[in-house]
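Colleague: This is the structure, below, for whatever I ask next.
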Amino acid sequence: MRRTDIRLPDELAQRVREMIAGDRQPAAPRDAATVVLLRPGGRGFDVYLLRRRRSMAFAPGAHVFPGGSVDPRDADADLAWAGPDAAAWGRVLNGPQELARALVCAAVRETFEESGVLLAGAAPDAVVADTRGDDWEADRRALIDRSLSLAGLLQRRGLVLRSDLLRPWARWITPELESRRFDTRIFAAALPAGQRTRDVGGEADEVIWLSPNAAIAAARRGEILLMPPTAVTLAELARHDTAPAALAAPPDMAPRQPGISVSGDTAWLTIPEGLEYPL
């Protein structure tokens with residue numbers, strides 16, 4: 001697979017030069033989790049995308065999957081848990097079990113915050129049937145303003161976190177030129193039966209469901225903006241005909257970090273070799 005270079009805006013060229021010369025130190029990446037929600041669609045399956053408000057400091061206007069930084073309370077061990085334990089997730093995610101627990105909890109929390117979908121149930125083999133009531137909305141907002149932790153929410157409602165509903169997908173590290181950097185583990189999950197996503201607002205001003213190929217086509221037409229990790233993930237998902245087939249695909253958790261370079265007056269971002277960048 002050929003190498004893909006993406007031209008960066010001209011105003012970033014000097015910053016890239018400083019990075020390469022060692023005159024500017026890259027920001028330390030923050031641990032983060034992202035979840036690709038899948039549901040059956042007319043062309044196999046669709047994925048959930050939300051558009052970040054143009055006022056956001058990171059990826060303004062981009063269509064992204066639900067996700068965000070790990071909160072310190074995401075590592076709280078005092079919650080009911082079903083599926084692979086933290087040690088097993090640590091082996092899959094190539095990290096200590098405390099971090100693995102926090103990443104899984106962040107994935108569940110951020111998915112609920114940004115889509116209204118909760119990967120939890122009253123028993124290890126159950127899942128919440130509907131989260132669209134006013135009481136659920138109050139809990140979602142409490143998670144967002146950090147007046148409630150995920151562990152606190154699950155304990156009060158007597159729910160079990162369903163780590164078995166998550167599938168590891170990939171790991172992306174933000175390029176060194178960005179002032180806000182993340183070490184993001186991407187997960188995939190099927191939309192639980194009975195649950196529906198909602199237009200949650202907050203950091204997003206639009207939510208859509210599209211097939212991977214339709215999302216890529218919309219980006220090629222300039223109708224939506226996709227960051228490289230999102231575009232590559234969509235291309236990987238597009239290789240599968242159904243959501244179960246995609247969820248059964250083996251993960252690739254080796255770190256993926258785009259490179260940066262300068263040629264003349266032009267700065268470039270290079271997608272790691274072996275990945276299909278569809279735009």
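Labels used: A, B, ... for chains in the order of the structure tokens, numbers from 1 for residues in each chain, and numbers from 1 for ligands as shown.
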Per residue of region 118-163 of chain A within 12 Å of region 87-106 of chain A, record the nearest atom pair and its distance in Å to one decimal, counting only C-alpha atoms, with rows in chain order and ascending residue number, as CSV.

Modeller:
```
residue,atom,partner,partner_atom,distance
A:Leu118,CA,A:Cys105,CA,11.1
A:Leu119,CA,A:Cys105,CA,9.9
A:Ala120,CA,A:Cys105,CA,10.8
A:Leu143,CA,A:Ala106,CA,11.1
A:Ile144,CA,A:Ala106,CA,11.9
A:Ser149,CA,A:Cys105,CA,10.1
A:Leu150,CA,A:Cys105,CA,7.4
A:Ala151,CA,A:Cys105,CA,8.6
A:Leu153,CA,A:Cys105,CA,11.9
A:Leu154,CA,A:Cys105,CA,11.0
A:Val160,CA,A:Cys105,CA,11.5
A:Leu161,CA,A:Cys105,CA,8.1
A:Arg162,CA,A:Val104,CA,9.6
A:Ser163,CA,A:Val104,CA,6.9
```

Colleague: I'd like the neighbourhood of region 38-41 of chain A as a PDB file with C-alpha atoms, in the first residue's frame, where a residue qualifies if any of its atoms comes within 8 Å (using only C-alpha atoms), though same-chain residues fewer than 4 positions away should be ignored.

Modeller:
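Listing of result_7.pdb after writing:
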```pdb
ATOM      1  CA  PHE A  45     -24.486  -1.295   8.524  1.00  0.00           C
ATOM      2  CA  ASP A  46     -24.213   2.351   9.524  1.00  0.00           C
ATOM      3  CA  VAL A  47     -21.922   4.169  11.941  1.00  0.00           C
ATOM      4  CA  TYR A  48     -22.766   7.028  14.285  1.00  0.00           C
ATOM      5  CA  ALA A 188     -16.275  -0.647  18.319  1.00  0.00           C
ATOM      6  CA  ALA A 189     -19.678  -1.695  19.650  1.00  0.00           C
ATOM      7  CA  ALA A 190     -23.084  -2.648  18.312  1.00  0.00           C
ATOM      8  CA  LEU A 191     -25.999  -0.391  19.236  1.00  0.00           C
ATOM      9  CA  SER A 211     -22.574   3.600   6.102  1.00  0.00           C
ATOM     10  CA  THR A 242     -22.149  -6.648   8.193  1.00  0.00           C
ATOM     11  CA  ALA A 243     -21.738  -5.244  11.680  1.00  0.00           C
TER      12      ALA A 243
END
```

Colleague: One number please: CA of Asp205 (chain A) to CA of Ala62 (chain A), in Å, one decimal.

Modeller: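 Between these atoms lies a distance of 10.6 Å.
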
Colleague: Work out how far CA of Ala138 (chain A) is from CA of Gly67 (chain A), in Å to one decimal.

Modeller: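 These two atoms are separated by 19.6 Å.
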
Colleague: May I ask which of the residues A:Arg198, A:Arg52, A:Arg30, A:Arg17 is the closest one to Val70 (chain A), counting only C-alpha atoms?

Modeller: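 Closest residue, counting only C-alpha atoms: A:Arg30.
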
Colleague: What are the DSSP helix (DSSP H, G or I) residues of region 83-265 of chain A, as a ChimeraX atom specification?

Modeller: /A:86-93,97-115,134-144,150-157,163-165,212-220,228-237,243-247

Colleague: Select from region 66-152 of chain A everything DSSP, run on the backbone, classes as strand (DSSP E or B), then give the selection as a list in words.

Modeller: Gly67, Gly68, Ser69, Trp81, Ala82, Ala120 and Gly121 of chain A

Colleague: Given only C-alpha atoms, how would the per-residue table for region 145-208 of chain A near region 259-276 of chain A read, listing every residue at most 8 Å away with its closest atom pair and distance in Å to one decimal, sorted by chain and number, as JSON lines?

Modeller:
```
{"residue": "A:Pro175", "atom": "CA", "partner": "A:Gly259", "partner_atom": "CA", "distance": 6.5}
{"residue": "A:Glu176", "atom": "CA", "partner": "A:Ile260", "partner_atom": "CA", "distance": 7.8}
{"residue": "A:Leu177", "atom": "CA", "partner": "A:Ile260", "partner_atom": "CA", "distance": 7.6}
```

Colleague: Which residues are close to Val117 (chain A), i.e. within 7 Å by only C-alpha atoms, leaving aside same-chain residues fewer than 2 positions away? Reply as a list in words.

Modeller: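 My reading of the contact set: Thr111, Phe112, Ser115, Leu119, Thr131, Gln195, Arg196 and Thr197 of chain A.
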
Colleague: Could you take the residues named above and write them with C-alpha atoms, as a PDB file, in the first residue's frame?

Modeller:
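What ended up in result03.pdb:
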```
ATOM      1  CA  THR A 111     -20.506   6.993  24.569  1.00  0.00           C
ATOM      2  CA  PHE A 112     -23.339   7.747  26.970  1.00  0.00           C
ATOM      3  CA  SER A 115     -24.883   9.565  22.095  1.00  0.00           C
ATOM      4  CA  LEU A 119     -23.265  -0.168  27.539  1.00  0.00           C
ATOM      5  CA  THR A 131     -32.150   5.672  28.017  1.00  0.00           C
ATOM      6  CA  GLN A 195     -31.631   1.709  22.673  1.00  0.00           C
ATOM      7  CA  ARG A 196     -31.665   4.740  20.411  1.00  0.00           C
ATOM      8  CA  THR A 197     -29.178   7.543  20.004  1.00  0.00           C
TER       9      THR A 197
END
```

Colleague: Quote the spacing between CA of His63 (chain A) and CA of Leu226 (chain A) in Å to one decimal place.

Modeller: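 Separation between CA of His63 (chain A) and CA of Leu226 (chain A): 5.7 Å.
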